[in-house]
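Text of the file query.cif, holding mmCIF, C-alpha atoms:
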data_upload
loop_
_atom_site.label_atom_id
_atom_site.label_comp_id
_atom_site.auth_asym_id
_atom_site.auth_seq_id
_atom_site.Cartn_x
_atom_site.Cartn_y
_atom_site.Cartn_z
CA MET A 1 -37.82 -7.20 -68.52
CA ASN A 2 -37.04 -8.45 -64.96
CA ALA A 3 -40.55 -9.75 -64.32
CA TYR A 4 -38.92 -11.78 -61.55
CA LYS A 5 -35.94 -10.65 -59.49
CA ARG A 6 -34.89 -14.21 -58.70
CA ILE A 7 -35.41 -17.49 -60.52
CA PHE A 8 -34.79 -20.89 -58.92
CA VAL A 9 -34.29 -23.81 -61.34
CA ILE A 10 -34.17 -27.13 -59.47
CA VAL A 11 -33.22 -30.30 -61.34
CA LEU A 12 -34.48 -33.55 -59.81
CA ASP A 13 -31.71 -35.55 -61.41
CA SER A 14 -33.19 -38.43 -63.48
CA LEU A 15 -36.91 -37.94 -62.66
CA GLY A 16 -38.15 -38.73 -66.17
CA ILE A 17 -41.85 -39.08 -67.05
CA GLY A 18 -42.03 -41.60 -69.86
CA ALA A 19 -40.35 -42.89 -73.00
CA MET A 20 -39.73 -40.56 -75.90
CA PRO A 21 -40.46 -41.80 -79.45
CA ASP A 22 -36.74 -42.38 -80.07
CA SER A 23 -36.12 -44.18 -76.76
CA PRO A 24 -35.74 -47.63 -78.42
CA ALA A 25 -32.75 -46.27 -80.37
CA PHE A 26 -31.09 -45.73 -76.97
CA GLY A 27 -31.97 -49.25 -75.83
CA ASP A 28 -34.94 -48.11 -73.72
CA HIS A 29 -38.39 -49.61 -74.17
CA ASP A 30 -41.49 -48.57 -72.21
CA VAL A 31 -39.44 -46.72 -69.58
CA ASP A 32 -41.09 -44.29 -67.15
CA THR A 33 -39.17 -43.32 -64.03
CA PHE A 34 -41.86 -41.42 -62.12
CA GLY A 35 -44.78 -43.45 -63.44
CA HIS A 36 -43.28 -46.84 -62.67
CA ILE A 37 -42.26 -45.75 -59.17
CA LEU A 38 -45.87 -44.74 -58.53
CA GLU A 39 -47.17 -47.99 -59.98
CA LYS A 40 -44.88 -50.02 -57.70
CA MET A 41 -45.54 -47.94 -54.59
CA GLY A 42 -49.24 -47.25 -55.25
CA THR A 43 -49.08 -43.81 -53.66
CA LEU A 44 -46.53 -41.26 -52.48
CA ASP A 45 -46.73 -38.58 -49.80
CA ILE A 46 -46.07 -35.63 -52.13
CA PRO A 47 -48.72 -32.96 -51.42
CA ASN A 48 -46.61 -30.08 -52.72
CA LEU A 49 -45.66 -31.69 -56.02
CA ARG A 50 -49.28 -32.71 -56.40
CA ASN A 51 -50.51 -29.15 -55.81
CA LEU A 52 -48.07 -27.85 -58.39
CA GLY A 53 -49.61 -30.19 -60.97
CA MET A 54 -47.21 -33.13 -61.15
CA LEU A 55 -50.03 -35.69 -61.07
CA ASN A 56 -52.10 -33.64 -63.53
CA LEU A 57 -49.12 -33.85 -65.86
CA HIS A 58 -48.40 -37.52 -65.25
CA PRO A 59 -50.99 -39.50 -63.26
CA ALA A 60 -49.95 -43.02 -62.28
CA GLY A 61 -50.53 -45.66 -59.66
CA THR A 62 -53.56 -44.81 -57.56
CA MET A 63 -52.82 -41.07 -57.58
CA GLU A 64 -54.59 -38.43 -59.63
CA GLY A 65 -54.16 -34.73 -60.17
CA VAL A 66 -55.84 -31.90 -58.25
CA SER A 67 -58.81 -29.84 -59.43
CA HIS A 68 -56.99 -26.53 -59.25
CA PRO A 69 -53.19 -26.89 -59.54
CA ILE A 70 -51.26 -23.81 -58.47
CA GLY A 71 -48.43 -24.36 -60.96
CA ARG A 72 -48.03 -24.33 -64.71
CA TYR A 73 -46.88 -27.67 -66.11
CA MET A 74 -45.86 -29.37 -69.33
CA ARG A 75 -43.69 -32.12 -70.76
CA LEU A 76 -40.30 -31.37 -72.33
CA THR A 77 -38.62 -33.41 -75.07
CA GLU A 78 -34.83 -33.62 -75.28
CA THR A 79 -33.51 -32.35 -78.60
CA SER A 80 -29.91 -33.40 -77.99
CA ASN A 81 -28.51 -36.80 -78.86
CA GLY A 82 -27.97 -38.34 -75.44
CA LYS A 83 -29.39 -39.23 -72.06
CA ASP A 84 -26.75 -38.07 -69.61
CA THR A 85 -26.47 -35.32 -67.02
CA MET A 86 -24.20 -32.96 -68.96
CA THR A 87 -26.22 -33.21 -72.17
CA GLY A 88 -29.47 -32.49 -70.34
CA HIS A 89 -28.18 -29.55 -68.30
CA TRP A 90 -26.29 -28.00 -71.20
CA GLU A 91 -29.48 -28.13 -73.28
CA MET A 92 -31.42 -26.38 -70.51
CA MET A 93 -29.00 -23.47 -70.90
CA GLY A 94 -29.15 -23.39 -74.70
CA LEU A 95 -26.62 -25.90 -76.04
CA GLU A 96 -27.66 -28.76 -78.31
CA THR A 97 -25.35 -31.79 -78.20
CA GLU A 98 -25.34 -33.67 -81.49
CA LYS A 99 -22.60 -36.22 -80.72
CA PRO A 100 -23.28 -38.15 -77.50
CA PHE A 101 -20.65 -38.70 -74.84
CA GLN A 102 -19.12 -42.19 -74.83
CA THR A 103 -19.93 -44.81 -72.22
CA PHE A 104 -17.94 -47.98 -71.55
CA THR A 105 -20.26 -49.69 -69.10
CA ASP A 106 -20.35 -53.14 -70.69
CA THR A 107 -16.81 -53.50 -72.03
CA GLY A 108 -14.53 -51.29 -69.95
CA PHE A 109 -12.13 -48.93 -71.70
CA PRO A 110 -10.44 -50.10 -74.92
CA PRO A 111 -6.89 -51.53 -74.71
CA GLU A 112 -5.48 -48.62 -76.72
CA LEU A 113 -6.78 -46.08 -74.20
CA ILE A 114 -5.50 -48.09 -71.23
CA ALA A 115 -2.07 -48.55 -72.85
CA GLU A 116 -1.74 -44.81 -73.44
CA LEU A 117 -2.86 -44.06 -69.89
CA GLU A 118 -0.31 -46.51 -68.44
CA LYS A 119 2.47 -45.10 -70.61
CA GLN A 120 1.87 -41.46 -69.67
CA CYS A 121 1.11 -42.07 -65.98
CA GLY A 122 3.85 -44.63 -65.41
CA LYS A 123 1.49 -46.99 -63.61
CA LYS A 124 -0.18 -50.29 -64.43
CA VAL A 125 -4.00 -50.11 -64.62
CA ILE A 126 -6.10 -52.62 -62.68
CA GLY A 127 -9.89 -52.85 -62.65
CA ASN A 128 -11.05 -51.37 -65.95
CA LYS A 129 -14.69 -52.29 -65.53
CA SER A 130 -18.01 -50.81 -64.47
CA ALA A 131 -18.28 -50.91 -60.70
CA SER A 132 -19.39 -49.22 -57.52
CA GLY A 133 -16.60 -47.00 -56.20
CA THR A 134 -16.72 -48.39 -52.68
CA GLU A 135 -16.85 -51.99 -53.91
CA ILE A 136 -13.91 -51.70 -56.31
CA ILE A 137 -11.72 -50.11 -53.61
CA GLU A 138 -12.60 -52.98 -51.30
CA GLU A 139 -11.78 -55.47 -54.05
CA LEU A 140 -8.56 -53.95 -55.38
CA GLY A 141 -7.31 -51.47 -52.78
CA GLU A 142 -4.76 -53.85 -51.24
CA GLU A 143 -3.40 -54.78 -54.67
CA GLU A 144 -3.03 -51.14 -55.60
CA ILE A 145 -1.16 -50.37 -52.37
CA ASN A 146 1.12 -53.43 -52.65
CA THR A 147 1.96 -53.17 -56.36
CA GLY A 148 1.84 -49.42 -57.07
CA ALA A 149 -0.86 -49.95 -59.72
CA MET A 150 -3.87 -47.63 -60.13
CA ILE A 151 -7.55 -48.56 -60.08
CA VAL A 152 -9.47 -47.34 -63.13
CA TYR A 153 -13.20 -47.93 -63.47
CA THR A 154 -16.35 -46.57 -65.03
CA SER A 155 -20.11 -46.67 -64.39
CA ALA A 156 -23.34 -46.33 -66.32
CA ASP A 157 -22.44 -42.68 -66.87
CA SER A 158 -19.93 -41.26 -69.33
CA VAL A 159 -17.08 -41.19 -66.83
CA LEU A 160 -13.53 -42.45 -66.22
CA GLN A 161 -12.67 -42.70 -62.53
CA ILE A 162 -9.26 -43.27 -60.92
CA CYS A 163 -8.90 -44.39 -57.30
CA GLY A 164 -5.77 -43.56 -55.35
CA ASN A 165 -4.75 -44.17 -51.77
CA GLU A 166 -3.78 -40.79 -50.33
CA GLU A 167 -0.86 -42.27 -48.34
CA THR A 168 0.74 -44.48 -51.01
CA PHE A 169 -0.43 -42.99 -54.31
CA ASP A 170 -0.13 -39.33 -53.20
CA LEU A 171 -2.98 -36.93 -53.85
CA ALA A 172 -1.00 -34.65 -56.17
CA ASN A 173 0.03 -37.66 -58.27
CA LEU A 174 -3.58 -38.87 -58.43
CA TYR A 175 -4.64 -35.46 -59.73
CA ARG A 176 -1.78 -35.54 -62.25
CA CYS A 177 -2.95 -38.90 -63.60
CA CYS A 178 -6.52 -37.63 -63.87
CA GLU A 179 -5.33 -34.60 -65.84
CA ILE A 180 -3.54 -36.97 -68.21
CA ALA A 181 -6.70 -39.08 -68.53
CA ARG A 182 -8.74 -35.96 -69.27
CA GLU A 183 -6.40 -35.04 -72.13
CA ILE A 184 -6.39 -38.59 -73.53
CA THR A 185 -10.18 -38.82 -73.48
CA MET A 186 -10.59 -35.71 -75.60
CA LYS A 187 -10.49 -38.00 -78.67
CA ASP A 188 -13.96 -38.42 -80.18
CA GLU A 189 -14.03 -42.20 -79.83
CA TRP A 190 -12.97 -42.00 -76.16
CA ARG A 191 -14.78 -38.76 -75.27
CA VAL A 192 -16.21 -39.11 -71.77
CA GLY A 193 -18.07 -36.36 -69.98
CA ARG A 194 -15.99 -36.45 -66.81
CA VAL A 195 -12.77 -37.82 -65.35
CA ILE A 196 -12.99 -38.13 -61.56
CA ALA A 197 -10.25 -38.51 -58.95
CA ARG A 198 -11.51 -40.81 -56.18
CA PRO A 199 -9.01 -40.69 -53.29
CA TYR A 200 -9.33 -43.00 -50.31
CA VAL A 201 -7.51 -43.91 -47.10
CA GLY A 202 -6.93 -47.16 -45.20
CA LYS A 203 -4.46 -50.03 -45.35
CA LYS A 204 -6.59 -53.15 -45.75
CA LYS A 205 -10.06 -54.49 -46.58
CA GLY A 206 -12.70 -53.37 -44.16
CA GLU A 207 -10.80 -50.17 -43.35
CA PHE A 208 -10.93 -48.37 -46.70
CA ARG A 209 -13.02 -45.22 -46.95
CA ARG A 210 -13.22 -42.52 -49.59
CA THR A 211 -12.24 -38.98 -48.61
CA SER A 212 -13.70 -35.58 -49.47
CA ASN A 213 -10.75 -34.79 -51.79
CA ARG A 214 -12.64 -35.97 -54.87
CA HIS A 215 -11.99 -33.79 -57.90
CA ASP A 216 -13.95 -33.73 -61.18
CA TYR A 217 -12.38 -32.93 -64.53
CA ALA A 218 -15.37 -32.16 -66.74
CA LEU A 219 -15.45 -31.07 -70.33
CA LYS A 220 -16.14 -27.39 -70.71
CA PRO A 221 -19.49 -26.66 -72.38
CA SER A 222 -19.25 -26.73 -76.17
CA GLY A 223 -20.14 -23.03 -76.36
CA ARG A 224 -21.33 -20.07 -74.37
CA THR A 225 -24.52 -20.70 -72.41
CA VAL A 226 -27.21 -18.59 -70.79
CA LEU A 227 -25.12 -18.78 -67.59
CA ASN A 228 -22.27 -16.91 -69.30
CA ALA A 229 -24.69 -14.26 -70.57
CA LEU A 230 -26.19 -13.74 -67.11
CA LYS A 231 -22.78 -13.45 -65.45
CA ASP A 232 -21.52 -11.04 -68.11
CA ALA A 233 -24.59 -8.87 -67.47
CA GLY A 234 -23.61 -8.56 -63.81
CA LEU A 235 -26.31 -10.91 -62.50
CA ASP A 236 -25.86 -13.50 -59.78
CA VAL A 237 -25.52 -17.10 -60.99
CA ILE A 238 -25.54 -19.31 -57.90
CA SER A 239 -24.99 -23.05 -58.26
CA VAL A 240 -25.97 -25.76 -55.76
CA GLY A 241 -24.78 -29.36 -56.05
CA LYS A 242 -23.23 -30.69 -59.27
CA ILE A 243 -23.98 -27.59 -61.38
CA GLN A 244 -20.46 -26.20 -60.86
CA ASP A 245 -18.93 -29.45 -62.18
CA ILE A 246 -21.43 -29.89 -65.01
CA PHE A 247 -20.56 -26.46 -66.44
CA CYS A 248 -16.88 -26.61 -65.42
CA GLY A 249 -17.43 -23.36 -63.49
CA GLU A 250 -18.38 -21.48 -66.67
CA GLY A 251 -20.85 -18.66 -65.96
CA ILE A 252 -21.02 -19.35 -62.20
CA THR A 253 -20.56 -16.50 -59.72
CA GLN A 254 -21.06 -18.50 -56.50
CA ALA A 255 -20.93 -22.27 -55.94
CA HIS A 256 -22.21 -24.46 -53.10
CA HIS A 257 -21.20 -28.13 -52.78
CA SER A 258 -23.94 -30.43 -51.45
CA ASP A 259 -23.44 -33.56 -49.35
CA SER A 260 -26.85 -34.96 -50.37
CA SER A 261 -30.06 -33.96 -52.12
CA VAL A 262 -31.65 -33.13 -48.77
CA HIS A 263 -28.64 -30.91 -48.01
CA GLY A 264 -29.00 -29.30 -51.44
CA MET A 265 -32.59 -28.35 -50.70
CA GLU A 266 -31.59 -27.03 -47.28
CA GLN A 267 -28.94 -24.88 -48.96
CA THR A 268 -31.50 -23.63 -51.48
CA ILE A 269 -33.91 -22.68 -48.69
CA GLU A 270 -31.13 -20.71 -46.95
CA LEU A 271 -30.21 -18.99 -50.21
CA CYS A 272 -33.87 -18.07 -50.67
CA LYS A 273 -33.68 -16.16 -47.37
CA ASN A 274 -30.80 -14.04 -48.71
CA ASP A 275 -30.94 -11.19 -51.17
CA PHE A 276 -29.60 -11.78 -54.66
CA HIS A 277 -30.54 -10.82 -58.20
CA GLY A 278 -30.39 -13.53 -60.80
CA LEU A 279 -30.48 -17.33 -61.05
CA CYS A 280 -30.09 -20.07 -58.46
CA PHE A 281 -29.46 -23.32 -60.37
CA VAL A 282 -29.72 -26.52 -58.32
CA ASN A 283 -28.96 -30.18 -59.04
CA LEU A 284 -30.25 -32.87 -56.64
CA VAL A 285 -28.22 -35.92 -57.58
CA ASP A 286 -29.29 -38.60 -55.08
CA PHE A 287 -32.38 -39.60 -57.08
CA ASP A 288 -29.99 -40.73 -59.81
CA ALA A 289 -26.79 -41.75 -58.03
CA LEU A 290 -28.21 -43.52 -54.98
CA TRP A 291 -31.46 -44.99 -56.27
CA GLY A 292 -31.85 -44.92 -60.07
CA HIS A 293 -28.54 -46.58 -60.96
CA ARG A 294 -28.98 -49.07 -58.12
CA ARG A 295 -32.53 -49.89 -59.29
CA ASP A 296 -33.94 -49.19 -55.82
CA VAL A 297 -37.59 -48.26 -56.27
CA GLU A 298 -38.36 -47.80 -52.59
CA GLY A 299 -35.26 -45.68 -52.00
CA TYR A 300 -36.14 -43.48 -54.98
CA ALA A 301 -39.71 -43.11 -53.71
CA LYS A 302 -38.55 -42.06 -50.24
CA GLU A 303 -36.17 -39.53 -51.80
CA ILE A 304 -39.07 -37.95 -53.69
CA GLU A 305 -41.02 -37.71 -50.43
CA LYS A 306 -38.05 -36.11 -48.64
CA PHE A 307 -37.79 -33.60 -51.46
CA ASP A 308 -41.48 -32.78 -51.24
CA LYS A 309 -41.19 -31.88 -47.55
CA ASN A 310 -38.41 -29.40 -48.23
CA LEU A 311 -40.28 -28.17 -51.29
CA GLY A 312 -43.08 -27.15 -48.95
CA VAL A 313 -40.62 -25.10 -46.88
CA LEU A 314 -39.19 -23.46 -50.01
CA LEU A 315 -42.65 -22.57 -51.31
CA GLU A 316 -43.32 -20.70 -48.05
CA GLU A 317 -40.01 -18.83 -48.32
CA LEU A 318 -40.50 -17.70 -51.93
CA ARG A 319 -41.03 -13.96 -52.33
CA GLU A 320 -43.57 -12.23 -54.54
CA ASP A 321 -40.94 -11.59 -57.21
CA ASP A 322 -39.51 -15.14 -57.27
CA LEU A 323 -40.11 -17.81 -59.92
CA LEU A 324 -39.56 -21.51 -59.19
CA ILE A 325 -38.99 -24.07 -61.97
CA LEU A 326 -38.74 -27.82 -61.30
CA THR A 327 -37.47 -30.19 -63.99
CA ALA A 328 -35.20 -33.18 -64.70
CA ASP A 329 -32.29 -33.88 -67.04
CA HIS A 330 -33.07 -37.47 -68.21
CA GLY A 331 -34.66 -40.62 -66.80
CA ASN A 332 -33.29 -43.50 -64.74
CA ASP A 333 -36.17 -45.93 -64.37
CA PRO A 334 -35.44 -48.06 -61.28
CA THR A 335 -37.76 -50.79 -62.57
CA TYR A 336 -35.81 -51.19 -65.84
CA THR A 337 -33.01 -53.61 -66.70
CA GLY A 338 -29.35 -52.69 -66.34
CA THR A 339 -28.06 -49.63 -64.51
CA ASP A 340 -27.97 -46.97 -67.23
CA HIS A 341 -29.95 -43.75 -67.61
CA THR A 342 -33.16 -43.98 -69.64
CA ARG A 343 -34.18 -41.73 -72.52
CA GLU A 344 -37.36 -39.98 -71.32
CA TYR A 345 -39.45 -36.85 -71.39
CA VAL A 346 -38.94 -34.65 -68.35
CA PRO A 347 -41.43 -32.59 -66.32
CA PHE A 348 -41.58 -28.82 -66.27
CA LEU A 349 -43.36 -27.35 -63.25
CA ALA A 350 -43.36 -23.60 -62.63
CA TYR A 351 -44.76 -21.59 -59.74
CA ALA A 352 -44.74 -17.99 -58.54
CA LYS A 353 -46.90 -16.35 -55.90
CA ARG A 354 -47.86 -13.65 -58.38
CA MET A 355 -48.73 -16.16 -61.13
CA GLN A 356 -52.25 -15.45 -62.33
CA GLN A 357 -53.29 -19.08 -62.73
CA GLY A 358 -52.07 -22.64 -62.81
CA GLY A 359 -52.74 -25.26 -65.45
CA ALA A 360 -51.32 -27.03 -68.44
CA LEU A 361 -48.99 -25.47 -70.98
CA GLU A 362 -48.29 -26.73 -74.49
CA ASN A 363 -45.52 -29.35 -74.47
CA LYS A 364 -42.19 -28.18 -75.89
CA ASP A 365 -39.59 -29.98 -77.99
CA THR A 366 -36.48 -28.88 -76.09
CA PHE A 367 -35.23 -28.35 -72.53
CA ALA A 368 -33.81 -25.03 -73.77
CA VAL A 369 -37.09 -23.19 -73.12
CA ILE A 370 -35.82 -22.97 -69.53
CA GLY A 371 -32.66 -21.01 -70.30
CA ALA A 372 -34.40 -18.92 -72.94
CA SER A 373 -37.09 -17.91 -70.45
CA VAL A 374 -34.48 -17.05 -67.80
CA ALA A 375 -32.56 -14.90 -70.29
CA HIS A 376 -35.77 -13.18 -71.42
CA ASN A 377 -36.74 -12.42 -67.83
CA PHE A 378 -33.46 -10.63 -67.13
CA GLY A 379 -33.30 -8.85 -70.50
CA VAL A 380 -30.21 -10.79 -71.59
CA ASP A 381 -29.58 -11.87 -75.18
CA MET A 382 -29.12 -15.58 -75.81
CA PRO A 383 -25.52 -16.34 -76.82
CA GLU A 384 -24.84 -16.95 -80.50
CA GLY A 385 -25.46 -20.55 -81.54
CA THR A 386 -27.81 -21.43 -78.69
CA ILE A 387 -31.30 -22.85 -79.03
CA GLY A 388 -34.57 -22.25 -77.20
CA THR A 389 -37.54 -19.89 -77.25
CA SER A 390 -38.86 -18.09 -74.18
CA ILE A 391 -42.25 -18.93 -72.63
CA LEU A 392 -41.95 -16.25 -69.95
CA GLU A 393 -45.28 -14.61 -70.84
CA GLN A 394 -47.03 -17.84 -69.87
CA LEU A 395 -45.34 -17.89 -66.46
CA LEU A 396 -46.64 -14.51 -65.27
#
Could you render the structure as structure tokens?
Amino acid sequence: MNAYKRIFVIVLDSLGIGAMPDSPAFGDHDVDTFGHILEKMGTLDIPNLRNLGMLNLHPAGTMEGVSHPIGRYMRLTETSNGKDTMTGHWEMMGLETEKPFQTFTDTGFPPELIAELEKQCGKKVIGNKSASGTEIIEELGEEEINTGAMIVYTSADSVLQICGNEETFDLANLYRCCEIAREITMKDEWRVGRVIARPYVGKKKGEFRRTSNRHDYALKPSGRTVLNALKDAGLDVISVGKIQDIFCGEGITQAHHSDSSVHGMEQTIELCKNDFHGLCFVNLVDFDALWGHRRDVEGYAKEIEKFDKNLGVLLEELREDDLLILTADHGNDPTYTGTDHTREYVPFLAYAKRMQQGGALENKDTFAVIGASVAHNFGVDMPEGTIGTSILEQLL
């Protein structure tokens, strides 16, 4: 069909818009990431999101929607069983996850897992708790260097992270241990979404700093996604930010690492100035990693405002045959207890210069309408076993 030559899908990581009916089963009651931020802040400087219909979709605080929104908007429900980044993104591209990834935030990893990791790596594990990466290096870095142990820790996400000093641990050995951990955590009861190597340098407290040699060992998607179908059809599939890691490189033709969410938007704006034919898939992680998990309402609010400024630039750069879709992958209400993600509806905002009108769409029961609509646009069949129905006709 190729109604649009290029489609930009931008994920504002964790910008949920209210509790789903099954949220209590995930330990989340009355959560609302965007709404509670607005209630706390009163107002936000987000003229572009507002014009697209974000406040029409989800008014809160002292802010209301506009009379004539230029975008189409609706609320999406997550079908999959989970509230993490990989589950949300995989569903967008057609995969339903029935068994959630494991988290070990409250208890650390079980003794059996740690014992197996120590045996195969030949190193004693220290740490084994949920922690900030910079804080646990400051706490245990000297012990690791002096004893030859290795720091293992987790977070609110489904992740096992191993720190290693590049001078005493050796980077290649750190990667080897992470590969072992990835294999061990393939068991269902220990199945984490990612194993991450977290190298650092320095000899004592106050001098430690993490390096750019981080490496993620993600699970491959559980099946073929829309990204695979697009790539196989000869279309461009450009990733910005964490997308490459989330899909383990599957279906990606060009990848761009981002240093921050602002950088990710700057990269997207530059890509918009170039010619390509296909999908640009963007993840902006700072909303989640820097502000949601740290329960920093003001920081989250400022990040939304920074995004809105760059959104205005991107809207100007869009061509007549471009489609822009904004969404999220889960919630992370900074006003809620704990540090975990929150099970929430997510927004769907779509805009194109050729779009005939803005306004509300009927809410959908899966994130997979995004991938299905992208596939429909480019005349590509959805892979076998995927979910989702196209709404492309409503985005013209």
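Every residue that the PyMOL selection byres ((chain A and resi 377) around 8) selects in this file is listed here: Met1, Asn2, Ala3, Tyr4, Ser373, Val374, Ala375, His376, Phe378, Gly379, Val380 and Leu392 of chain A.
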Create the file for the chosen residues now, containing C-alpha atoms and written as a compact mmCIF listing (two decimals), in the frame of the given file.
# COMPACT_ATOMS: atom_id res chain seq x y z
CA MET A 1 -37.82 -7.20 -68.52
CA ASN A 2 -37.04 -8.45 -64.96
CA ALA A 3 -40.55 -9.75 -64.32
CA TYR A 4 -38.92 -11.78 -61.55
CA SER A 373 -37.09 -17.91 -70.45
CA VAL A 374 -34.48 -17.05 -67.80
CA ALA A 375 -32.56 -14.90 -70.29
CA HIS A 376 -35.77 -13.18 -71.42
CA PHE A 378 -33.46 -10.63 -67.13
CA GLY A 379 -33.30 -8.85 -70.50
CA VAL A 380 -30.21 -10.79 -71.59
CA LEU A 392 -41.95 -16.25 -69.95
Could you check the closest approach to Asn310 of chain A for each of A:Thr268, A:Ser67, A:Asn146, A:Thr342 and tell me which residue wins, using only C-alpha atoms? A:Thr268
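Once the PyMOL selection byres ((chain A and resi 89-96) around 6) is applied to this file, the selection holds Ser80, Met86, Thr87, Gly88, Thr97, Thr225, Val226, Phe367, Ala368, Ile370, Gly371, Thr386 and Ile387 of chain A.
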Run through the PyMOL selection byres ((chain A and resi 99) around 9) on the given coordinates and return the selected residues as an NGL selection string. :A and (80-82 or 97-98 or 100-101 or 188)
Around segment 170-182 of chain A, fit a box with edges along x, y and z, padding it by 3 Å on each side, then list its centre and edge lengths in Å to one decimal as AutoDock Vina command-line options.
--center_x -4.4 --center_y -37.0 --center_z -61.2 --size_x 14.8 --size_y 10.7 --size_z 22.1
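The coordinates place atom CA of Ile126 of chain A at 17.6 Å from atom CA of Lys203 of chain A.
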